[in-house]
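Some notes on the structure that comes next.
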Amino acid sequence: MELSNKYVITINREIGSGGKTVAKLLAKKLGVPFYDKAHLKTVEDEGLNEEKIESLKSKKRTWWPDLKKIVELGGGFAVSIFDNLPNYAVPEDNDTDKKYQTEQEILKGIADAESCVVVGRCSFVTFKDHPNHLNIWIQSPLESRVERVMKKKGIASKAEAEKFIKEVDKLCDDYAKRHAGVSRYDPRNYDLVISMKDRTEEEAVDLILKYIG
């Protein structure tokens with residue numbers, strides 16, 4: 001991966017591994033935007049779907065810089081962007097296939113416009129053919145994940161936290177298998193696999209930067 005050209009770094013991780021914190025720190029060090037599920041949901045909540053993206057793409061190749069205002073300013077700026085576009089219906093909450101396709105198109109639009117760090121959302125599949133990408137997987141021992149989840153989620157017992165982790169792990173893997181046709185836990189999906197055992201988030205970032213060179 002070349003930092004001198006437009007690039008995308010994806011970080012997928014086990015819940016409780018600290019991977020999201022690593023992604024935020026990495027983006028800050030590199031001076032590029034960070035995107036995760038919350039950012040994508042903000043855009044989708046403004047009424048964007050796959051069909052509207054196609055209409056935007058037909059009008060201009062790089063449409064994300066305009067749409068980015070929605071994410072940065074918290075919404076309310078979509079009207080001028082969507083003017084004169086067909087009045088497509090927003091996908092229902094249970095229409096996960098359409099939501100997945102919308103997310104993938106948003107991510108591709110982001111990477112087409114700017115270098116960035118992306119967390120989750122099967123981004124390791126989205127950008128596997130991107131000419132300048134780095135796919136990273138971050139994992140951590142279960143005991144460490146349990147402790148982190150207890151603290152972050154306010155869960156009282158280790159047993160409850162472990163149950164929560166296993167449920168989330170299964171949901172995330174089922175999501176990847178359904179939409180991307182692969183297991184997110186297969187290390188062959190990634191260029192770099194990092195264990196957080198005895199490693200801080202800052203040390204993980206340093207490792208990534210050294211790997212990039």
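Here, A, B, ... name the chains of the structure tokens in the order displayed, residue numbers run from 1 inside each chain, and ligands are numbered from 1 in the same displayed order.
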
Which of chain A DSSP labels strand (DSSP E), written as a VMD selection string
chain A and resid 8 to 13 34 to 35 116 to 119 133 to 139 192 to 195

List as JSON, numbers by chain the protein and nucleic acid residues near Phe127 of chain A, meaning an atom at most 12 Å away when only C-alpha atoms are counted, but skip any in the same chain fewer than 5 places from it.
{"A": [7, 8, 9, 10, 11, 104, 105, 107, 108, 109, 110, 111, 112, 116, 117, 118, 120, 121, 122, 132, 133, 134, 135, 136, 180, 189, 190, 191]}

Residues as selected, N, CA and C atoms, written as a PDB file, in the first residue's frame, can you do that?
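Everything below was put into part21.pdb:
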```pdb
ATOM      1  N   TYR A   7      -5.790   5.903  -0.770  1.00  0.00           N
ATOM      2  CA  TYR A   7      -5.815   4.550  -0.217  1.00  0.00           C
ATOM      3  C   TYR A   7      -7.004   4.352   0.720  1.00  0.00           C
ATOM      4  N   VAL A   8      -7.269   3.086   1.027  1.00  0.00           N
ATOM      5  CA  VAL A   8      -8.285   2.748   2.021  1.00  0.00           C
ATOM      6  C   VAL A   8      -7.739   1.635   2.913  1.00  0.00           C
ATOM      7  N   ILE A   9      -7.865   1.836   4.213  1.00  0.00           N
ATOM      8  CA  ILE A   9      -7.470   0.830   5.203  1.00  0.00           C
ATOM      9  C   ILE A   9      -8.734   0.346   5.888  1.00  0.00           C
ATOM     10  N   THR A  10      -8.972  -0.955   5.856  1.00  0.00           N
ATOM     11  CA  THR A  10     -10.135  -1.504   6.539  1.00  0.00           C
ATOM     12  C   THR A  10      -9.680  -2.227   7.796  1.00  0.00           C
ATOM     13  N   ILE A  11     -10.454  -2.053   8.858  1.00  0.00           N
ATOM     14  CA  ILE A  11     -10.174  -2.746  10.111  1.00  0.00           C
ATOM     15  C   ILE A  11     -11.437  -3.469  10.542  1.00  0.00           C
ATOM     16  N   GLN A 104     -22.437  -0.746   0.798  1.00  0.00           N
ATOM     17  CA  GLN A 104     -21.296  -1.023  -0.067  1.00  0.00           C
ATOM     18  C   GLN A 104     -21.073   0.101  -1.077  1.00  0.00           C
ATOM     19  N   GLU A 105     -22.155   0.632  -1.618  1.00  0.00           N
ATOM     20  CA  GLU A 105     -22.034   1.714  -2.593  1.00  0.00           C
ATOM     21  C   GLU A 105     -21.530   2.997  -1.932  1.00  0.00           C
ATOM     22  N   LEU A 107     -19.590   3.132   0.730  1.00  0.00           N
ATOM     23  CA  LEU A 107     -18.171   2.916   1.019  1.00  0.00           C
ATOM     24  C   LEU A 107     -17.318   3.094  -0.232  1.00  0.00           C
ATOM     25  N   LYS A 108     -17.793   2.567  -1.350  1.00  0.00           N
ATOM     26  CA  LYS A 108     -17.040   2.710  -2.600  1.00  0.00           C
ATOM     27  C   LYS A 108     -16.950   4.177  -3.023  1.00  0.00           C
ATOM     28  N   GLY A 109     -18.025   4.924  -2.792  1.00  0.00           N
ATOM     29  CA  GLY A 109     -18.007   6.346  -3.107  1.00  0.00           C
ATOM     30  C   GLY A 109     -17.026   7.107  -2.245  1.00  0.00           C
ATOM     31  N   ILE A 110     -16.948   6.731  -0.970  1.00  0.00           N
ATOM     32  CA  ILE A 110     -15.994   7.358  -0.054  1.00  0.00           C
ATOM     33  C   ILE A 110     -14.570   7.119  -0.528  1.00  0.00           C
ATOM     34  N   ALA A 111     -14.242   5.860  -0.798  1.00  0.00           N
ATOM     35  CA  ALA A 111     -12.870   5.508  -1.194  1.00  0.00           C
ATOM     36  C   ALA A 111     -12.500   6.091  -2.546  1.00  0.00           C
ATOM     37  N   ASP A 112     -13.489   6.305  -3.401  1.00  0.00           N
ATOM     38  CA  ASP A 112     -13.231   6.915  -4.700  1.00  0.00           C
ATOM     39  C   ASP A 112     -12.846   8.383  -4.549  1.00  0.00           C
ATOM     40  N   CYS A 116      -9.018   6.926   3.466  1.00  0.00           N
ATOM     41  CA  CYS A 116      -9.816   6.789   4.674  1.00  0.00           C
ATOM     42  C   CYS A 116      -9.503   5.503   5.413  1.00  0.00           C
ATOM     43  N   VAL A 117      -9.988   5.437   6.654  1.00  0.00           N
ATOM     44  CA  VAL A 117      -9.944   4.213   7.458  1.00  0.00           C
ATOM     45  C   VAL A 117     -11.389   3.812   7.717  1.00  0.00           C
ATOM     46  N   VAL A 118     -11.729   2.562   7.407  1.00  0.00           N
ATOM     47  CA  VAL A 118     -13.104   2.072   7.537  1.00  0.00           C
ATOM     48  C   VAL A 118     -13.129   0.904   8.512  1.00  0.00           C
ATOM     49  N   GLY A 120     -15.297  -2.313   9.984  1.00  0.00           N
ATOM     50  CA  GLY A 120     -16.405  -3.243   9.845  1.00  0.00           C
ATOM     51  C   GLY A 120     -17.129  -3.169   8.526  1.00  0.00           C
ATOM     52  N   ARG A 121     -18.422  -3.582   8.564  1.00  0.00           N
ATOM     53  CA  ARG A 121     -19.339  -3.563   7.415  1.00  0.00           C
ATOM     54  C   ARG A 121     -18.847  -4.399   6.248  1.00  0.00           C
ATOM     55  N   CYS A 122     -18.152  -5.491   6.541  1.00  0.00           N
ATOM     56  CA  CYS A 122     -17.602  -6.369   5.492  1.00  0.00           C
ATOM     57  C   CYS A 122     -16.708  -5.606   4.525  1.00  0.00           C
ATOM     58  N   ASN A 132      -5.254   0.140  -3.994  1.00  0.00           N
ATOM     59  CA  ASN A 132      -4.343   0.607  -2.947  1.00  0.00           C
ATOM     60  C   ASN A 132      -5.027   0.476  -1.582  1.00  0.00           C
ATOM     61  N   HIS A 133      -5.151  -0.776  -1.134  1.00  0.00           N
ATOM     62  CA  HIS A 133      -5.866  -1.040   0.111  1.00  0.00           C
ATOM     63  C   HIS A 133      -5.037  -1.892   1.065  1.00  0.00           C
ATOM     64  N   LEU A 134      -5.449  -1.882   2.325  1.00  0.00           N
ATOM     65  CA  LEU A 134      -4.860  -2.742   3.347  1.00  0.00           C
ATOM     66  C   LEU A 134      -5.992  -3.244   4.228  1.00  0.00           C
ATOM     67  N   ASN A 135      -6.194  -4.561   4.270  1.00  0.00           N
ATOM     68  CA  ASN A 135      -7.223  -5.167   5.104  1.00  0.00           C
ATOM     69  C   ASN A 135      -6.594  -5.713   6.380  1.00  0.00           C
ATOM     70  N   ILE A 136      -7.109  -5.282   7.526  1.00  0.00           N
ATOM     71  CA  ILE A 136      -6.540  -5.670   8.821  1.00  0.00           C
ATOM     72  C   ILE A 136      -7.593  -6.359   9.672  1.00  0.00           C
ATOM     73  N   ALA A 180     -21.546 -11.487   2.089  1.00  0.00           N
ATOM     74  CA  ALA A 180     -20.266 -11.533   1.383  1.00  0.00           C
ATOM     75  C   ALA A 180     -19.850 -12.945   1.005  1.00  0.00           C
ATOM     76  N   ASN A 189      -8.695 -13.470   4.531  1.00  0.00           N
ATOM     77  CA  ASN A 189      -9.355 -12.245   4.077  1.00  0.00           C
ATOM     78  C   ASN A 189      -8.506 -11.001   4.293  1.00  0.00           C
ATOM     79  N   TYR A 190      -7.419 -11.146   5.067  1.00  0.00           N
ATOM     80  CA  TYR A 190      -6.693  -9.973   5.537  1.00  0.00           C
ATOM     81  C   TYR A 190      -5.217  -9.985   5.141  1.00  0.00           C
ATOM     82  N   ASP A 191      -4.684  -8.781   5.011  1.00  0.00           N
ATOM     83  CA  ASP A 191      -3.259  -8.626   4.735  1.00  0.00           C
ATOM     84  C   ASP A 191      -2.442  -8.655   6.017  1.00  0.00           C
TER      85      ASP A 191
END
```

Helix (DSSP H, G or I) positions in chain A, given as a PyMOL selection string:
chain A and resi 19-30+37-45+50-59+64-73+79-82+96-113+123-126+142-153+158-180+187-189+201-212

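For the choices A:Ala159, A:Ser195, A:Ile106, A:Asp173, the atom-to-atom distance to Trp63 of chain A is smallest for A:Ile106 when using only C-alpha atoms.
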
Long-range neighbours of Gly16 of chain A as number ranges by chain, 9 Å cut-off, only C-alpha atoms, 5 positions minimum in chain:
A: 139-140, 142, 144-149, 152, 165

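Atom CA of Leu25 of chain A is positioned 15.3 Å from atom CA of Ile212 of chain A.
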
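Across the structure, atom CA of Val22 of chain A and atom CA of Leu209 of chain A are spaced 11.6 Å apart.
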
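Taking only C-alpha atoms, the non-local environment of Val182 of chain A within 12 Å (same-chain residues fewer than 6 positions away omitted) comprises Cys122, Phe124, Val125, Cys172, Asp173, Asp174, Tyr175, Ala176, Arg188 and Asn189 of chain A.
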
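What separates atom CA of Ser183 of chain A from atom CA of Leu3 of chain A is a distance of 28.6 Å.
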
Between A:Pro131, A:Glu2, A:Pro141, A:Asp97, which one has atoms that come closest to Asp198 of chain A, using only C-alpha atoms?
A:Pro141

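Shell of Lys29 of chain A at 10 Å, with only C-alpha atoms counted and residues fewer than 6 places along the chain excluded, is Ala23, Val205, Asp206 and Leu209 of chain A.
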
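Of the residues listed (A:Thr200, A:Tyr211, A:Arg184, A:Ala113), A:Ala113 shows the shortest atom-to-atom separation from Thr62 of chain A; distances use only C-alpha atoms.
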
Among listed residues A:Gly213, A:Pro65, A:Glu162, A:Thr96, nearest Arg178 of chain A (using only C-alpha atoms):
A:Thr96
